[in-house]
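Have a look at entry36.tsv below; it lists TSV, C-alpha atoms.
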```tsv
chain	number	residue	atom	x	y	z
A	10	MET	CA	9.58	8.28	8.58
A	11	ARG	CA	7.12	10.98	7.57
A	12	ILE	CA	6.23	10.57	3.90
A	13	VAL	CA	4.37	12.77	1.44
A	14	SER	CA	3.17	11.46	-1.92
A	15	ILE	CA	2.25	13.93	-4.65
A	16	CYS	CA	1.02	11.50	-7.31
A	17	PRO	CA	-1.68	8.77	-7.04
A	18	SER	CA	0.54	6.02	-8.46
A	19	ASN	CA	3.22	6.81	-5.86
A	20	THR	CA	0.64	6.54	-3.09
A	21	GLU	CA	-0.43	3.15	-4.45
A	22	ILE	CA	3.15	1.88	-4.52
A	23	VAL	CA	3.47	2.79	-0.83
A	24	ALA	CA	0.20	0.97	-0.14
A	25	TYR	CA	1.45	-2.10	-2.02
A	26	LEU	CA	4.45	-2.09	0.30
A	27	GLU	CA	1.96	-1.96	3.21
A	28	LEU	CA	3.69	1.19	4.47
A	29	ASP	CA	0.83	3.65	3.97
A	30	GLU	CA	0.81	4.38	7.71
A	31	LEU	CA	3.94	6.44	7.00
A	32	LEU	CA	2.02	8.84	4.77
A	33	ILE	CA	1.24	12.24	6.27
A	34	GLY	CA	-0.05	14.01	3.16
A	35	VAL	CA	-1.06	13.29	-0.44
A	36	ASP	CA	-2.14	15.02	-3.63
A	37	ASN	CA	-5.85	15.65	-4.23
A	38	TYR	CA	-6.23	12.73	-6.65
A	39	SER	CA	-4.82	10.01	-4.41
A	40	ASP	CA	-7.86	7.90	-3.52
A	41	TYR	CA	-6.46	4.45	-2.74
A	42	PRO	CA	-6.45	3.02	-0.18
A	43	GLU	CA	-9.52	4.69	1.34
A	44	THR	CA	-7.58	5.75	4.42
A	45	VAL	CA	-5.47	8.26	2.46
A	46	LYS	CA	-8.56	10.37	1.86
A	47	GLU	CA	-8.36	11.37	5.53
A	48	LEU	CA	-4.86	12.81	5.12
A	49	PRO	CA	-4.08	16.47	4.34
A	50	GLN	CA	-4.58	17.10	0.63
A	51	LEU	CA	-1.86	19.18	-0.97
A	52	GLY	CA	-3.42	20.17	-4.28
A	53	PRO	CA	-3.75	18.66	-7.77
A	54	ASP	CA	-0.77	16.61	-8.87
A	55	LEU	CA	0.15	19.24	-11.48
A	56	SER	CA	0.11	22.14	-9.03
A	57	ILE	CA	1.05	20.93	-5.57
A	58	ASP	CA	1.00	23.53	-2.78
A	59	ILE	CA	4.69	23.29	-1.87
A	60	GLU	CA	4.19	25.57	1.13
A	61	LYS	CA	1.73	23.09	2.62
A	62	VAL	CA	4.20	20.28	1.92
A	63	GLU	CA	6.90	22.17	3.80
A	64	GLU	CA	4.57	22.78	6.75
A	65	LEU	CA	4.15	19.01	7.17
A	66	GLN	CA	7.93	18.66	7.59
A	67	PRO	CA	8.26	15.39	5.68
A	68	ASP	CA	11.39	13.29	5.77
A	69	LEU	CA	10.81	12.44	2.11
A	70	VAL	CA	8.49	13.41	-0.73
A	71	LEU	CA	7.64	10.88	-3.42
A	72	ALA	CA	7.48	13.05	-6.54
A	73	SER	CA	6.70	12.15	-10.14
A	74	LEU	CA	7.28	13.24	-13.72
A	75	SER	CA	4.61	10.95	-15.20
A	76	VAL	CA	2.60	13.88	-16.60
A	77	PRO	CA	4.03	16.91	-18.45
A	78	GLY	CA	3.94	19.91	-16.14
A	79	MET	CA	5.00	18.11	-12.96
A	80	GLU	CA	8.45	19.67	-13.31
A	81	ALA	CA	7.11	22.70	-11.42
A	82	ASN	CA	6.63	20.52	-8.33
A	83	ILE	CA	10.23	19.33	-8.48
A	84	LYS	CA	11.48	22.91	-8.80
A	85	GLY	CA	9.44	23.94	-5.77
A	86	LEU	CA	10.80	21.09	-3.66
A	87	GLU	CA	14.36	21.95	-4.64
A	88	GLU	CA	13.91	25.64	-3.87
A	89	ARG	CA	12.74	24.83	-0.34
A	90	GLY	CA	15.31	22.10	0.25
A	91	ILE	CA	12.70	19.39	0.80
A	92	PRO	CA	14.11	15.84	0.33
A	93	TYR	CA	12.50	13.93	-2.53
A	94	ILE	CA	12.83	11.09	-4.99
A	95	ILE	CA	11.22	10.89	-8.41
A	96	LEU	CA	9.19	7.90	-9.58
A	97	ASN	CA	8.40	7.85	-13.29
A	98	PRO	CA	7.82	4.29	-14.52
A	99	GLY	CA	6.62	3.74	-18.07
A	100	THR	CA	6.70	-0.05	-18.25
A	101	LEU	CA	5.77	-2.93	-15.95
A	102	ASN	CA	9.43	-3.71	-15.26
A	103	GLU	CA	10.02	-0.08	-14.35
A	104	ILE	CA	7.10	-0.24	-11.90
A	105	ALA	CA	8.83	-3.21	-10.25
A	106	GLU	CA	12.07	-1.20	-10.12
A	107	ASP	CA	10.25	1.70	-8.46
A	108	ILE	CA	8.75	-0.65	-5.87
A	109	ILE	CA	12.33	-1.57	-4.96
A	110	LYS	CA	13.46	2.06	-5.08
A	111	THR	CA	10.62	3.17	-2.80
A	112	GLY	CA	11.16	0.36	-0.33
A	113	GLU	CA	14.85	1.22	-0.07
A	114	ALA	CA	14.15	4.96	0.31
A	115	LEU	CA	11.73	4.27	3.15
A	116	GLY	CA	14.20	2.01	4.96
A	117	TYR	CA	12.67	-1.32	3.89
A	118	LYS	CA	15.05	-2.55	1.20
A	119	GLU	CA	14.28	-6.27	1.53
A	120	LEU	CA	10.54	-5.64	1.64
A	121	GLY	CA	10.83	-3.66	-1.59
A	122	LYS	CA	12.63	-6.53	-3.30
A	123	LEU	CA	10.09	-9.05	-2.01
A	124	LYS	CA	7.09	-7.03	-3.18
A	125	ALA	CA	8.65	-6.33	-6.58
A	126	ASP	CA	9.23	-10.04	-7.03
A	127	LEU	CA	5.62	-10.81	-6.13
A	128	PHE	CA	4.44	-8.20	-8.63
A	129	LEU	CA	6.52	-9.71	-11.44
A	130	LYS	CA	5.46	-13.27	-10.57
A	131	GLU	CA	1.81	-12.27	-10.79
A	132	LEU	CA	2.40	-10.84	-14.25
A	133	GLU	CA	4.17	-14.03	-15.29
A	134	LYS	CA	1.08	-16.08	-14.37
A	135	TYR	CA	-0.94	-14.26	-17.01
A	136	LYS	CA	1.85	-14.56	-19.55
A	137	GLU	CA	1.83	-18.34	-19.14
A	138	LYS	CA	-1.97	-18.57	-18.99
A	139	ASN	CA	-2.56	-16.75	-22.26
A	140	ARG	CA	0.43	-18.06	-24.19
A	141	GLY	CA	-0.61	-19.59	-27.53
A	142	GLU	CA	-4.35	-19.14	-27.06
A	143	GLY	CA	-4.96	-18.41	-30.75
A	144	ALA	CA	-5.58	-15.14	-32.55
A	145	ALA	CA	-5.32	-12.18	-30.18
A	146	PRO	CA	-8.33	-9.82	-30.17
A	147	SER	CA	-7.40	-6.25	-31.01
A	148	LEU	CA	-8.02	-3.42	-28.52
A	149	TYR	CA	-8.24	0.32	-28.83
A	150	TRP	CA	-7.65	2.23	-25.59
A	151	GLU	CA	-9.02	5.75	-25.39
A	152	TRP	CA	-7.40	7.99	-22.79
A	153	TRP	CA	-9.07	11.15	-24.05
A	154	PRO	CA	-11.83	11.69	-26.61
A	155	LYS	CA	-11.11	14.99	-28.37
A	156	PRO	CA	-8.42	15.10	-29.52
A	157	ILE	CA	-7.88	11.37	-29.22
A	158	PHE	CA	-5.04	10.22	-26.98
A	159	THR	CA	-4.18	6.54	-26.79
A	160	PRO	CA	-1.23	4.44	-25.54
A	161	GLY	CA	1.44	3.29	-27.96
A	162	GLY	CA	3.91	0.44	-27.73
A	163	GLY	CA	6.01	2.20	-25.10
A	164	ASN	CA	3.25	2.21	-22.50
A	165	TRP	CA	2.34	-0.31	-19.80
A	166	LEU	CA	-1.16	-0.70	-21.26
A	167	THR	CA	0.26	-2.37	-24.35
A	168	GLU	CA	1.93	-4.88	-22.03
A	169	ILE	CA	-1.23	-5.35	-19.94
A	170	THR	CA	-3.21	-5.96	-23.15
A	171	ALA	CA	-0.77	-8.66	-24.29
A	172	LEU	CA	-0.75	-10.35	-20.88
A	173	ALA	CA	-4.56	-10.54	-21.01
A	174	GLY	CA	-4.34	-12.22	-24.42
A	175	GLY	CA	-5.06	-9.18	-26.59
A	176	GLN	CA	-3.16	-6.77	-28.83
A	177	ASN	CA	-3.11	-2.98	-28.73
A	178	ILE	CA	-3.92	-1.72	-32.24
A	179	PHE	CA	-1.16	0.88	-31.91
A	180	ALA	CA	1.47	-1.41	-30.37
A	181	ASP	CA	3.72	-0.86	-33.37
A	182	ARG	CA	4.17	2.82	-32.47
A	183	ARG	CA	7.13	3.31	-30.15
A	184	GLU	CA	5.70	6.29	-28.31
A	185	ALA	CA	4.11	5.84	-24.88
A	186	SER	CA	1.26	8.23	-25.70
A	187	LEU	CA	-0.16	9.05	-29.12
A	188	GLN	CA	-2.46	11.72	-30.47
A	189	MET	CA	-4.46	10.12	-33.26
A	190	GLU	CA	-7.38	10.94	-35.54
A	191	TRP	CA	-10.77	9.24	-35.45
A	192	GLU	CA	-10.08	7.93	-38.96
A	193	ASP	CA	-6.92	6.13	-37.74
A	194	VAL	CA	-9.02	4.11	-35.29
A	195	ARG	CA	-11.77	3.43	-37.84
A	196	LYS	CA	-9.24	1.99	-40.27
A	197	ALA	CA	-7.69	-0.21	-37.57
A	198	ASP	CA	-11.18	-1.59	-36.83
A	199	PRO	CA	-10.51	-3.05	-33.35
A	200	ASP	CA	-12.42	-5.94	-31.81
A	201	HIS	CA	-12.77	-4.05	-28.52
A	202	ILE	CA	-12.87	-0.40	-27.46
A	203	CYS	CA	-11.76	0.36	-23.91
A	204	MET	CA	-12.72	3.77	-22.55
A	205	VAL	CA	-10.48	4.98	-19.72
A	206	TRP	CA	-10.75	8.75	-19.90
A	207	VAL	CA	-8.17	10.16	-17.51
A	208	GLY	CA	-9.71	11.90	-14.51
A	209	VAL	CA	-13.26	10.98	-15.53
A	210	LYS	CA	-15.43	8.63	-13.46
A	211	GLU	CA	-17.09	5.74	-15.23
A	212	ASP	CA	-20.60	7.13	-14.84
A	213	LYS	CA	-19.54	10.31	-16.64
A	214	MET	CA	-18.16	8.55	-19.72
A	215	ARG	CA	-20.59	8.32	-22.63
A	216	PRO	CA	-20.11	5.42	-25.05
A	217	GLU	CA	-22.90	6.78	-27.26
A	218	LEU	CA	-20.59	9.63	-28.30
A	219	LEU	CA	-18.28	7.15	-30.00
A	220	LYS	CA	-21.12	5.87	-32.16
A	221	LYS	CA	-21.62	9.37	-33.58
A	222	ARG	CA	-18.08	9.60	-34.96
A	223	PRO	CA	-17.87	9.35	-38.78
A	224	GLY	CA	-17.80	5.72	-39.87
A	225	TRP	CA	-17.44	4.28	-36.37
A	226	ASN	CA	-20.79	2.47	-36.46
A	227	GLU	CA	-19.25	0.22	-39.11
A	228	MET	CA	-16.50	-0.93	-36.76
A	229	LYS	CA	-16.57	-4.48	-35.36
A	230	ALA	CA	-16.35	-3.35	-31.75
A	231	ILE	CA	-19.43	-1.15	-32.01
A	232	GLN	CA	-21.46	-3.56	-34.11
A	233	LYS	CA	-20.81	-6.32	-31.57
A	234	GLY	CA	-21.37	-4.12	-28.51
A	235	LYS	CA	-17.75	-4.37	-27.40
A	236	ILE	CA	-17.38	-0.87	-25.94
A	237	HIS	CA	-16.09	-1.20	-22.38
A	238	VAL	CA	-16.17	1.59	-19.83
A	239	LEU	CA	-13.34	0.77	-17.42
A	240	GLU	CA	-11.95	2.36	-14.25
A	241	GLU	CA	-9.20	4.71	-15.31
A	242	SER	CA	-7.68	4.28	-11.84
A	243	LEU	CA	-6.93	0.62	-12.68
A	244	TYR	CA	-5.36	1.28	-16.08
A	245	CYS	CA	-3.98	4.84	-16.30
A	246	ARG	CA	-1.74	4.86	-13.23
A	247	PRO	CA	1.67	3.13	-13.31
A	248	SER	CA	1.26	1.29	-10.02
A	249	PRO	CA	0.72	-2.28	-8.76
A	250	ARG	CA	-3.05	-1.70	-9.02
A	251	LEU	CA	-2.59	-2.53	-12.68
A	252	LEU	CA	-2.78	-6.13	-11.47
A	253	GLN	CA	-6.45	-5.55	-10.63
A	254	GLY	CA	-6.98	-4.03	-14.05
A	255	LEU	CA	-5.21	-6.98	-15.69
A	256	GLU	CA	-7.46	-9.43	-13.88
A	257	LYS	CA	-10.57	-7.63	-15.11
A	258	LEU	CA	-9.28	-7.35	-18.66
A	259	ASP	CA	-8.29	-11.00	-18.73
A	260	THR	CA	-11.81	-11.98	-17.68
A	261	LEU	CA	-13.35	-9.64	-20.26
A	262	LEU	CA	-11.26	-10.95	-23.17
A	263	ASN	CA	-11.61	-14.61	-22.25
A	264	LEU	CA	-15.39	-14.75	-21.84
A	265	LYS	CA	-16.63	-17.54	-24.07
```

Now that the file is in, can you turn its structure into structure tokens?
Amino acid sequence: MRIVSICPSNTEIVAYLELDELLIGVDNYSDYPETVKELPQLGPDLSIDIEKVEELQPDLVLASLSVPGMEANIKGLEERGIPYIILNPGTLNEIAEDIIKTGEALGYKELGKLKADLFLKELEKYKEKNRGEGAAPSLYWEWWPKPIFTPGGGNWLTEITALAGGQNIFADRREASLQMEWEDVRKADPDHICMVWVGVKEDKMRPELLKKRPGWNEMKAIQKGKIHVLEESLYCRPSPRLLQGLEKLDTLLNLK
């Protein structure tokens, strides 16, 4: 099969299935595995060049609705009669379901089931490891600095936090993504601040900016130097690479 992926997390699901040799084109932000950087790039994930997609004559396009605005891509695919499926997982179980869905769509149904099972078993290891380890440290995840966007209880990062032995300070909010005020975070006073600004490389994120926010220097995380600049690619994409992010977070939270 000839496969096009127009979202980084979709590309990473294909790679997890070890079927990335089927890919013939990807969106501009797909950067894992390294080999996909050599493929034709079809534009940013919010504005895919559908004409270029059509020129590649794919058997299937792996589309997404994970970010508002991606609907335009779906409309373009439909208008040109290009076969596609939509992946839009919001939780870890839904990622496993999309591993199965992708495997089946690519003609590898049993492989999809096997890989999904491996993914879930790896998550279970952390659940058992950090069960009953005492008080859970509180985490604030920052997706975007101004205005603040952060994951709520309906997002995979709340699950990843719990599996690593921590607790998202906004886990009680049902929404997957929240727009909050600086004062909301100050009042919550988290033990850790995790910076994962979407689309921004680690060397471009500036922790010193957080210290300038009103009252933030009084927060535990800043007083104790617990501001962590993390790879957004390991935390902000709903793909099996979250396992790598989980491993790093588990190590970070369990340092004695």

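Neighbouring residues of Asn164 in chain A at 9 Å or closer, counting all atoms listed in the file and skipping chain neighbours under 2 positions away, are Gly99, Thr100, Leu101, Pro160, Gly161, Gly162, Leu166, Thr167, Glu168, Ala180, Arg183, Glu184, Ala185 and Ser186 of chain A.
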
If you keep C-alpha atoms, can you produce a file of those selected residues as a tab-separated table (two decimals), keeping the file's coordinate frame?
```tsv
chain	number	residue	atom	x	y	z
A	99	GLY	CA	6.62	3.74	-18.07
A	100	THR	CA	6.70	-0.05	-18.25
A	101	LEU	CA	5.77	-2.93	-15.95
A	160	PRO	CA	-1.23	4.44	-25.54
A	161	GLY	CA	1.44	3.29	-27.96
A	162	GLY	CA	3.91	0.44	-27.73
A	166	LEU	CA	-1.16	-0.70	-21.26
A	167	THR	CA	0.26	-2.37	-24.35
A	168	GLU	CA	1.93	-4.88	-22.03
A	180	ALA	CA	1.47	-1.41	-30.37
A	183	ARG	CA	7.13	3.31	-30.15
A	184	GLU	CA	5.70	6.29	-28.31
A	185	ALA	CA	4.11	5.84	-24.88
A	186	SER	CA	1.26	8.23	-25.70
```

Write out as a list in words each polymer residue whose atoms come within 12 Å of Asp259 in chain A, counting all atoms listed in the file; drop sequence neighbours fewer than 3 positions from it.
Leu132, Lys134, Tyr135, Lys136, Lys138, Asn139, Ala145, Pro146, Ile169, Thr170, Ala171, Leu172, Ala173, Gly174, Gly175, Leu251, Leu252, Gln253, Gly254, Leu255, Glu256, Leu262, Asn263, Leu264 and Lys265 of chain A

What gap, in Å, lies between CA of Glu103 in chain A and CA of Pro247 in chain A?
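Interatomic distance here is 9.0 Å.
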
Looking at A:Leu55, A:Ala24, A:Leu123, A:Ile109, which one is nearest to Ser75 in chain A, with distances taken over only C-alpha atoms?
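Nearest candidate to Ser75 in chain A out of A:Leu55, A:Ala24, A:Leu123, A:Ile109: A:Leu55.
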
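Shortest separation to Lys124 in chain A among A:Ile12, A:Cys245, A:Val207, A:Ile22 occurs at residue A:Ile22, atoms counted being all atoms listed in the file.
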
Measuring atom to atom with only C-alpha atoms, identify which of A:Asp212, A:Asp29, A:Asp126, A:Asp58 is nearest to Leu239 in chain A.
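Using only C-alpha atoms, the shortest distance to Leu239 in chain A belongs to A:Asp212.
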
What are the closest atom pairs, with distances in Å to one decimal, for each residue of range 52-90 of chain A lying within 6 Å of range 35-47 of chain A, using only C-alpha atoms, rows by chain and rising residue number, as a tab-separated table?
```
residue	atom	partner	partner_atom	distance
A:Gly52	CA	A:Asn37	CA	5.1
A:Pro53	CA	A:Asn37	CA	5.1
A:Asp54	CA	A:Asp36	CA	5.6
```

Of the candidates A:Asn102, A:Asn97, A:Ser56, A:Ser14, which one gets nearest to Lys84 in chain A if we count only C-alpha atoms?
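Of A:Asn102, A:Asn97, A:Ser56, A:Ser14, the one nearest Lys84 in chain A is A:Ser56, counting only C-alpha atoms.
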
Mind giving me the straight-line distance from CA of Thr111 in chain A to CA of Glu80 in chain A in Å, one decimal?
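So the answer is 19.7 Å.
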
Could you list, as an MDAnalysis selection string, every residue within 12 Å of Lys196 in chain A, counting all atoms listed in the file and ignoring same-chain residues fewer than 6 positions away?
chainID A and resid 149 178:179 189:190 223:225 227:229

Only C-alpha atoms, please: the residues just picked out, written as a compact mmCIF listing (two decimals), in the frame of the given file.
```
# COMPACT_ATOMS: atom_id res chain seq x y z
CA TYR A 149 -8.24 0.32 -28.83
CA ILE A 178 -3.92 -1.72 -32.24
CA PHE A 179 -1.16 0.88 -31.91
CA MET A 189 -4.46 10.12 -33.26
CA GLU A 190 -7.38 10.94 -35.54
CA PRO A 223 -17.87 9.35 -38.78
CA GLY A 224 -17.80 5.72 -39.87
CA TRP A 225 -17.44 4.28 -36.37
CA GLU A 227 -19.25 0.22 -39.11
CA MET A 228 -16.50 -0.93 -36.76
CA LYS A 229 -16.57 -4.48 -35.36
```

Which residue gives the smallest distance to Leu243 in chain A among A:Gly141, A:Glu21, A:Asp200, A:Met10, with only C-alpha atoms counted?
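For Leu243 in chain A, the nearest of the given residues is A:Glu21.
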
Point out the residue among A:Val23, A:Val205, A:Leu187, A:Ala72 with the least atom-to-atom distance to Pro249 in chain A, counting all atoms listed in the file.
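Smallest separation from Pro249 in chain A among the options: A:Val23.
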
Calculate how many Å separate CA of Leu26 in chain A from CA of Glu113 in chain A, rounding to one decimal.
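Spanning CA of Leu26 in chain A to CA of Glu113 in chain A is a straight-line distance of 10.9 Å.
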
Can you list, as an NGL selection string, every protein, DNA or RNA residue that comes within 10 Å of Lys110 in chain A when you count all atoms listed in the file, leaving out same-chain residues fewer than 3 positions away?
:A and (94-96 or 104-107 or 113-115 or 117-118 or 121-122 or 125)

Neighbour list for Glu217 in chain A as a list in words, cut-off 10 Å, only C-alpha atoms, skip fewer than 3 positions in-chain:
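My reading of the contact set: Met214, Lys220, Lys221, Arg222, Ile231 and Ile236 of chain A.
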
Reconstructed N, CA, C and O atoms for range 11-34 of chain A, given as a short mmCIF file (atom, residue, chain, number, x, y, z; two decimals), in the frame of the given file:
```cif
data_model
loop_
_atom_site.label_atom_id
_atom_site.label_comp_id
_atom_site.auth_asym_id
_atom_site.auth_seq_id
_atom_site.Cartn_x
_atom_site.Cartn_y
_atom_site.Cartn_z
N ARG A 11 8.30 10.21 7.94
CA ARG A 11 7.12 10.98 7.57
C ARG A 11 7.18 11.19 6.06
O ARG A 11 8.08 11.86 5.55
N ILE A 12 6.19 10.62 5.35
CA ILE A 12 6.23 10.57 3.90
C ILE A 12 5.08 11.35 3.29
O ILE A 12 3.94 11.26 3.76
N VAL A 13 5.38 12.10 2.24
CA VAL A 13 4.37 12.77 1.44
C VAL A 13 4.43 12.21 0.03
O VAL A 13 5.51 12.05 -0.54
N SER A 14 3.26 11.91 -0.53
CA SER A 14 3.17 11.46 -1.92
C SER A 14 2.40 12.50 -2.71
O SER A 14 1.31 12.92 -2.30
N ILE A 15 2.93 12.90 -3.87
CA ILE A 15 2.25 13.93 -4.65
C ILE A 15 1.83 13.41 -6.03
O ILE A 15 1.73 14.16 -6.99
N CYS A 16 1.54 12.11 -6.08
CA CYS A 16 1.02 11.50 -7.31
C CYS A 16 0.29 10.22 -6.91
O CYS A 16 0.79 9.44 -6.08
N PRO A 17 -0.91 9.96 -7.45
CA PRO A 17 -1.68 8.77 -7.04
C PRO A 17 -0.93 7.45 -7.19
O PRO A 17 -1.02 6.58 -6.32
N SER A 18 -0.17 7.29 -8.27
CA SER A 18 0.54 6.02 -8.46
C SER A 18 1.62 5.82 -7.40
O SER A 18 1.85 4.69 -6.95
N ASN A 19 2.24 6.91 -6.95
CA ASN A 19 3.22 6.81 -5.86
C ASN A 19 2.55 6.33 -4.58
O ASN A 19 3.08 5.48 -3.85
N THR A 20 1.40 6.92 -4.29
CA THR A 20 0.64 6.54 -3.09
C THR A 20 0.31 5.05 -3.13
O THR A 20 0.39 4.35 -2.11
N GLU A 21 -0.05 4.55 -4.30
CA GLU A 21 -0.43 3.15 -4.45
C GLU A 21 0.77 2.22 -4.34
O GLU A 21 0.63 1.08 -3.88
N ILE A 22 1.94 2.67 -4.72
CA ILE A 22 3.15 1.88 -4.52
C ILE A 22 3.43 1.75 -3.02
O ILE A 22 3.77 0.66 -2.53
N VAL A 23 3.28 2.84 -2.28
CA VAL A 23 3.47 2.79 -0.83
C VAL A 23 2.47 1.83 -0.19
O VAL A 23 2.81 1.05 0.70
N ALA A 24 1.23 1.87 -0.67
CA ALA A 24 0.20 0.97 -0.14
C ALA A 24 0.53 -0.49 -0.46
O ALA A 24 0.31 -1.38 0.36
N TYR A 25 1.07 -0.75 -1.64
CA TYR A 25 1.45 -2.10 -2.02
C TYR A 25 2.55 -2.63 -1.11
O TYR A 25 2.61 -3.83 -0.80
N LEU A 26 3.40 -1.72 -0.65
CA LEU A 26 4.45 -2.09 0.30
C LEU A 26 3.91 -2.24 1.72
O LEU A 26 4.65 -2.61 2.63
N GLU A 27 2.62 -1.92 1.90
CA GLU A 27 1.96 -1.96 3.21
C GLU A 27 2.63 -0.99 4.19
O GLU A 27 2.76 -1.27 5.38
N LEU A 28 3.04 0.17 3.65
CA LEU A 28 3.69 1.19 4.47
C LEU A 28 2.90 2.50 4.45
O LEU A 28 3.44 3.56 4.76
N ASP A 29 1.62 2.42 4.11
CA ASP A 29 0.83 3.65 3.97
C ASP A 29 0.62 4.36 5.30
O ASP A 29 0.23 5.53 5.32
N GLU A 30 0.91 3.69 6.42
CA GLU A 30 0.81 4.38 7.71
C GLU A 30 1.89 5.46 7.85
O GLU A 30 1.80 6.33 8.72
N LEU A 31 2.89 5.42 6.97
CA LEU A 31 3.94 6.44 7.00
C LEU A 31 3.53 7.73 6.30
O LEU A 31 4.17 8.76 6.47
N LEU A 32 2.46 7.67 5.53
CA LEU A 32 2.02 8.84 4.77
C LEU A 32 1.40 9.89 5.68
O LEU A 32 0.56 9.58 6.53
N ILE A 33 1.80 11.14 5.48
CA ILE A 33 1.24 12.24 6.27
C ILE A 33 0.54 13.28 5.39
O ILE A 33 -0.05 14.23 5.90
N GLY A 34 0.59 13.10 4.08
CA GLY A 34 -0.05 14.01 3.16
C GLY A 34 0.02 13.47 1.75
O GLY A 34 0.95 12.74 1.41
#
```
